[in-house]
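Asks: The structure's right below; bear with me while I get my questions together.
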Amino acid sequence: MPESLRKLLKEGKNPQPHQDITPHVGVLTLHFQLYGCEDLKAKRKAFTAMKAIWGKEPDLAVSETADHEALDCATWTIAALGASAQQITQRLDQVEKDIQERIDAAILDVHREIL
């Protein structure tokens, strides 16, 4: 038993009840069209910001989820955690807008799902 818990019990204090938090998950999938990529190295370079910027955010997970070997297209998925569906929707709206501004590839299709 941790020392801090022993101390609380000895003093007669009950630890605070653990609140159940049910996080919501939002999934944003973006399908990109690429032009002028001669090899996979050039394709990876075009999407460096995906992991470098959004991959470091504590509430986001970012991954290339399809079209790994294709040179003319890419599919990336961003998963977001939040306390409410509204919070996640706002967060994914902002991420999508930022991606449009920073990634040099046309977005062909966007699929969103809140779980």
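Labeling convention for the structure tokens: chains A, B, ... as they appear, residues from 1 per chain, ligands from 1 in order of appearance.
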Kindly provide the residues of segment 9-92 of chain A that approach segment 97-103 of chain A to within 12 Å, each paired with its closest atom pair and their distance in Å to one decimal, based on only C-alpha atoms, listed by chain and increasing number, as JSON lines.
Replies:
{"residue": "A:Leu28", "atom": "CA", "partner": "A:Ile99", "partner_atom": "CA", "distance": 11.6}
{"residue": "A:Thr29", "atom": "CA", "partner": "A:Ile99", "partner_atom": "CA", "distance": 11.9}
{"residue": "A:Leu30", "atom": "CA", "partner": "A:Ile99", "partner_atom": "CA", "distance": 9.7}
{"residue": "A:His31", "atom": "CA", "partner": "A:Gln100", "partner_atom": "CA", "distance": 11.8}
{"residue": "A:Phe32", "atom": "CA", "partner": "A:Ile103", "partner_atom": "CA", "distance": 9.6}
{"residue": "A:Gln33", "atom": "CA", "partner": "A:Ile103", "partner_atom": "CA", "distance": 11.0}
{"residue": "A:Leu34", "atom": "CA", "partner": "A:Ile103", "partner_atom": "CA", "distance": 10.4}
{"residue": "A:Lys43", "atom": "CA", "partner": "A:Ile103", "partner_atom": "CA", "distance": 11.3}
{"residue": "A:Arg44", "atom": "CA", "partner": "A:Ile103", "partner_atom": "CA", "distance": 11.5}
{"residue": "A:Lys45", "atom": "CA", "partner": "A:Ile103", "partner_atom": "CA", "distance": 10.2}
{"residue": "A:Ala46", "atom": "CA", "partner": "A:Ile103", "partner_atom": "CA", "distance": 6.9}
{"residue": "A:Phe47", "atom": "CA", "partner": "A:Ile103", "partner_atom": "CA", "distance": 6.7}
{"residue": "A:Thr48", "atom": "CA", "partner": "A:Ile103", "partner_atom": "CA", "distance": 8.8}
{"residue": "A:Ala49", "atom": "CA", "partner": "A:Ile103", "partner_atom": "CA", "distance": 7.3}
{"residue": "A:Met50", "atom": "CA", "partner": "A:Ile99", "partner_atom": "CA", "distance": 7.8}
{"residue": "A:Lys51", "atom": "CA", "partner": "A:Ile99", "partner_atom": "CA", "distance": 11.3}
{"residue": "A:Ala52", "atom": "CA", "partner": "A:Arg102", "partner_atom": "CA", "distance": 11.8}
{"residue": "A:Ile53", "atom": "CA", "partner": "A:Ile99", "partner_atom": "CA", "distance": 9.8}
{"residue": "A:Trp54", "atom": "CA", "partner": "A:Ile99", "partner_atom": "CA", "distance": 9.1}
{"residue": "A:Val62", "atom": "CA", "partner": "A:Ile99", "partner_atom": "CA", "distance": 12.0}
{"residue": "A:Ala74", "atom": "CA", "partner": "A:Ile103", "partner_atom": "CA", "distance": 11.8}
{"residue": "A:Trp76", "atom": "CA", "partner": "A:Ile99", "partner_atom": "CA", "distance": 10.9}
{"residue": "A:Thr77", "atom": "CA", "partner": "A:Ile99", "partner_atom": "CA", "distance": 11.8}
{"residue": "A:Ile78", "atom": "CA", "partner": "A:Ile99", "partner_atom": "CA", "distance": 10.9}
{"residue": "A:Gln90", "atom": "CA", "partner": "A:Lys97", "partner_atom": "CA", "distance": 10.7}
{"residue": "A:Arg91", "atom": "CA", "partner": "A:Lys97", "partner_atom": "CA", "distance": 10.0}
{"residue": "A:Leu92", "atom": "CA", "partner": "A:Lys97", "partner_atom": "CA", "distance": 8.5}
Asks: Go ahead and save the picked residues with N, CA and C atoms, as a PDB file, in the first residue's frame.
Replies:
ATOM      1  N   LEU A  28     -11.061  11.334 -37.707  1.00  0.00           N
ATOM      2  CA  LEU A  28     -11.077  12.126 -38.929  1.00  0.00           C
ATOM      3  C   LEU A  28     -10.162  11.439 -39.936  1.00  0.00           C
ATOM      4  N   THR A  29     -10.717  11.030 -41.070  1.00  0.00           N
ATOM      5  CA  THR A  29      -9.929  10.390 -42.109  1.00  0.00           C
ATOM      6  C   THR A  29      -9.914  11.284 -43.336  1.00  0.00           C
ATOM      7  N   LEU A  30      -8.716  11.595 -43.800  1.00  0.00           N
ATOM      8  CA  LEU A  30      -8.523  12.483 -44.938  1.00  0.00           C
ATOM      9  C   LEU A  30      -7.867  11.719 -46.083  1.00  0.00           C
ATOM     10  N   HIS A  31      -8.452  11.835 -47.280  1.00  0.00           N
ATOM     11  CA  HIS A  31      -7.890  11.228 -48.483  1.00  0.00           C
ATOM     12  C   HIS A  31      -7.288  12.358 -49.319  1.00  0.00           C
ATOM     13  N   PHE A  32      -5.990  12.261 -49.597  1.00  0.00           N
ATOM     14  CA  PHE A  32      -5.260  13.300 -50.309  1.00  0.00           C
ATOM     15  C   PHE A  32      -4.910  12.859 -51.728  1.00  0.00           C
ATOM     16  N   GLN A  33      -4.838  13.827 -52.623  1.00  0.00           N
ATOM     17  CA  GLN A  33      -4.333  13.616 -53.979  1.00  0.00           C
ATOM     18  C   GLN A  33      -2.983  14.317 -54.061  1.00  0.00           C
ATOM     19  N   LEU A  34      -1.974  13.606 -54.527  1.00  0.00           N
ATOM     20  CA  LEU A  34      -0.624  14.156 -54.639  1.00  0.00           C
ATOM     21  C   LEU A  34      -0.230  14.292 -56.103  1.00  0.00           C
ATOM     22  N   LYS A  43       6.964  11.532 -51.138  1.00  0.00           N
ATOM     23  CA  LYS A  43       5.624  11.462 -50.544  1.00  0.00           C
ATOM     24  C   LYS A  43       5.711  11.659 -49.029  1.00  0.00           C
ATOM     25  N   ARG A  44       6.642  10.970 -48.384  1.00  0.00           N
ATOM     26  CA  ARG A  44       6.803  11.118 -46.933  1.00  0.00           C
ATOM     27  C   ARG A  44       7.142  12.560 -46.564  1.00  0.00           C
ATOM     28  N   LYS A  45       7.971  13.193 -47.379  1.00  0.00           N
ATOM     29  CA  LYS A  45       8.365  14.578 -47.109  1.00  0.00           C
ATOM     30  C   LYS A  45       7.158  15.515 -47.175  1.00  0.00           C
ATOM     31  N   ALA A  46       6.238  15.247 -48.103  1.00  0.00           N
ATOM     32  CA  ALA A  46       5.038  16.081 -48.234  1.00  0.00           C
ATOM     33  C   ALA A  46       4.165  16.017 -46.980  1.00  0.00           C
ATOM     34  N   PHE A  47       4.256  14.910 -46.241  1.00  0.00           N
ATOM     35  CA  PHE A  47       3.416  14.738 -45.058  1.00  0.00           C
ATOM     36  C   PHE A  47       4.203  14.759 -43.743  1.00  0.00           C
ATOM     37  N   THR A  48       5.395  15.288 -43.771  1.00  0.00           N
ATOM     38  CA  THR A  48       6.214  15.373 -42.559  1.00  0.00           C
ATOM     39  C   THR A  48       5.483  16.115 -41.436  1.00  0.00           C
ATOM     40  N   ALA A  49       4.779  17.159 -41.773  1.00  0.00           N
ATOM     41  CA  ALA A  49       4.091  17.966 -40.761  1.00  0.00           C
ATOM     42  C   ALA A  49       2.984  17.193 -40.043  1.00  0.00           C
ATOM     43  N   MET A  50       2.428  16.191 -40.688  1.00  0.00           N
ATOM     44  CA  MET A  50       1.326  15.448 -40.062  1.00  0.00           C
ATOM     45  C   MET A  50       1.755  14.897 -38.697  1.00  0.00           C
ATOM     46  N   LYS A  51       2.895  14.227 -38.666  1.00  0.00           N
ATOM     47  CA  LYS A  51       3.368  13.679 -37.396  1.00  0.00           C
ATOM     48  C   LYS A  51       4.133  14.712 -36.578  1.00  0.00           C
ATOM     49  N   ALA A  52       4.878  15.564 -37.254  1.00  0.00           N
ATOM     50  CA  ALA A  52       5.705  16.541 -36.551  1.00  0.00           C
ATOM     51  C   ALA A  52       4.875  17.554 -35.768  1.00  0.00           C
ATOM     52  N   ILE A  53       3.746  17.946 -36.302  1.00  0.00           N
ATOM     53  CA  ILE A  53       2.913  18.959 -35.631  1.00  0.00           C
ATOM     54  C   ILE A  53       1.790  18.291 -34.837  1.00  0.00           C
ATOM     55  N   TRP A  54       0.910  17.601 -35.531  1.00  0.00           N
ATOM     56  CA  TRP A  54      -0.280  17.058 -34.871  1.00  0.00           C
ATOM     57  C   TRP A  54       0.002  15.756 -34.124  1.00  0.00           C
ATOM     58  N   VAL A  62      -2.041  10.325 -34.783  1.00  0.00           N
ATOM     59  CA  VAL A  62      -1.990  10.553 -36.223  1.00  0.00           C
ATOM     60  C   VAL A  62      -1.256   9.391 -36.888  1.00  0.00           C
ATOM     61  N   ALA A  74      -2.790   9.527 -50.719  1.00  0.00           N
ATOM     62  CA  ALA A  74      -2.459   9.168 -49.339  1.00  0.00           C
ATOM     63  C   ALA A  74      -3.724   9.251 -48.495  1.00  0.00           C
ATOM     64  N   TRP A  76      -4.726   9.551 -44.433  1.00  0.00           N
ATOM     65  CA  TRP A  76      -4.270   9.766 -43.059  1.00  0.00           C
ATOM     66  C   TRP A  76      -5.484   9.820 -42.139  1.00  0.00           C
ATOM     67  N   THR A  77      -5.314   9.288 -40.935  1.00  0.00           N
ATOM     68  CA  THR A  77      -6.379   9.289 -39.940  1.00  0.00           C
ATOM     69  C   THR A  77      -5.880   9.963 -38.672  1.00  0.00           C
ATOM     70  N   ILE A  78      -6.718  10.827 -38.134  1.00  0.00           N
ATOM     71  CA  ILE A  78      -6.432  11.518 -36.884  1.00  0.00           C
ATOM     72  C   ILE A  78      -7.514  11.128 -35.889  1.00  0.00           C
ATOM     73  N   GLN A  90     -15.139  20.426 -32.473  1.00  0.00           N
ATOM     74  CA  GLN A  90     -14.417  21.689 -32.612  1.00  0.00           C
ATOM     75  C   GLN A  90     -12.927  21.455 -32.835  1.00  0.00           C
ATOM     76  N   ARG A  91     -12.378  20.506 -32.099  1.00  0.00           N
ATOM     77  CA  ARG A  91     -10.951  20.199 -32.225  1.00  0.00           C
ATOM     78  C   ARG A  91     -10.633  19.662 -33.619  1.00  0.00           C
ATOM     79  N   LEU A  92     -11.445  18.741 -34.113  1.00  0.00           N
ATOM     80  CA  LEU A  92     -11.204  18.172 -35.434  1.00  0.00           C
ATOM     81  C   LEU A  92     -11.430  19.204 -36.540  1.00  0.00           C
TER      82      LEU A  92
END
Asks: At what distance in Å, to one decimal, does atom CA of Cys37 of chain A lie from atom CA of Ala66 of chain A?
Replies: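 We find that atom CA of Ala66 of chain A and atom CA of Cys37 of chain A lie 16.7 Å from each other.
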Asks: For a quick check of understanding, using only C-alpha atoms, which of A:Leu81, A:Gln94, A:Thr75, A:Leu60 has the smallest distance to Asp109 of chain A?
Replies: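 Smallest separation from Asp109 of chain A among the options: A:Thr75.
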Asks: Output as a ChimeraX atom specification all residues of segment 40-86 of chain A that backbone DSSP marks as strand (DSSP E).
Replies: /A:60-66,73-82
Asks: In Å, how far is it from atom CA of Ala105 of chain A to atom CA of Thr89 of chain A?
Replies: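 These two atoms are separated by 22.9 Å.
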Asks: Could you give me the residues within segment 44-94 of chain A that DSSP places in helix (DSSP H, G or I), as number ranges by chain?
Replies: A: 44-46, 48-56, 85-94
Asks: From the set A:Leu108, A:Leu115, A:Asp72, A:Thr65, which residue has the shortest atom-to-atom contact distance to Glu38 of chain A, counting only C-alpha atoms?
Replies: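 Of A:Leu108, A:Leu115, A:Asp72, A:Thr65, the one nearest Glu38 of chain A, counting only C-alpha atoms, is A:Asp72.
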Asks: Show which residues sit within 6 Å of Ala79 of chain A, as a list in words. Count only C-alpha atoms, and ignore same-chain residues fewer than 6 positions away.
Replies: Gly26, Val27, Leu60 and Ala61 of chain A
Asks: Those residues with all heavy atoms, as an mmCIF file, in the first residue's frame please?
Replies:
data_model
loop_
_atom_site.group_PDB
_atom_site.id
_atom_site.type_symbol
_atom_site.label_atom_id
_atom_site.label_comp_id
_atom_site.auth_asym_id
_atom_site.auth_seq_id
_atom_site.Cartn_x
_atom_site.Cartn_y
_atom_site.Cartn_z
ATOM 1 N N GLY A 26 -13.111 10.912 -31.455
ATOM 2 C CA GLY A 26 -13.460 11.358 -32.798
ATOM 3 C C GLY A 26 -12.402 10.875 -33.765
ATOM 4 O O GLY A 26 -11.210 10.878 -33.457
ATOM 5 N N VAL A 27 -12.834 10.430 -34.928
ATOM 6 C CA VAL A 27 -11.912 9.930 -35.940
ATOM 7 C C VAL A 27 -12.124 10.735 -37.224
ATOM 8 O O VAL A 27 -13.237 10.801 -37.739
ATOM 9 C CB VAL A 27 -12.136 8.421 -36.207
ATOM 10 C CG1 VAL A 27 -11.185 7.916 -37.269
ATOM 11 C CG2 VAL A 27 -11.988 7.621 -34.913
ATOM 12 N N LEU A 60 -4.279 13.921 -29.564
ATOM 13 C CA LEU A 60 -4.409 13.417 -30.930
ATOM 14 C C LEU A 60 -3.488 12.229 -31.175
ATOM 15 O O LEU A 60 -2.401 12.144 -30.608
ATOM 16 C CB LEU A 60 -4.062 14.507 -31.947
ATOM 17 C CG LEU A 60 -4.878 15.782 -31.942
ATOM 18 C CD1 LEU A 60 -4.317 16.766 -32.964
ATOM 19 C CD2 LEU A 60 -6.335 15.498 -32.217
ATOM 20 N N ALA A 61 -3.933 11.349 -32.054
ATOM 21 C CA ALA A 61 -3.094 10.277 -32.590
ATOM 22 C C ALA A 61 -3.183 10.380 -34.105
ATOM 23 O O ALA A 61 -4.282 10.519 -34.656
ATOM 24 C CB ALA A 61 -3.582 8.919 -32.115
#
Asks: Ranking A:Tyr35, A:Ala42, A:Gly55, A:Arg112 by minimum distance to Ala85 of chain A and counting only C-alpha atoms, which one comes first?
Replies: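 Checking each of A:Tyr35, A:Ala42, A:Gly55, A:Arg112 against Ala85 of chain A, counting only C-alpha atoms, the winner is A:Arg112.
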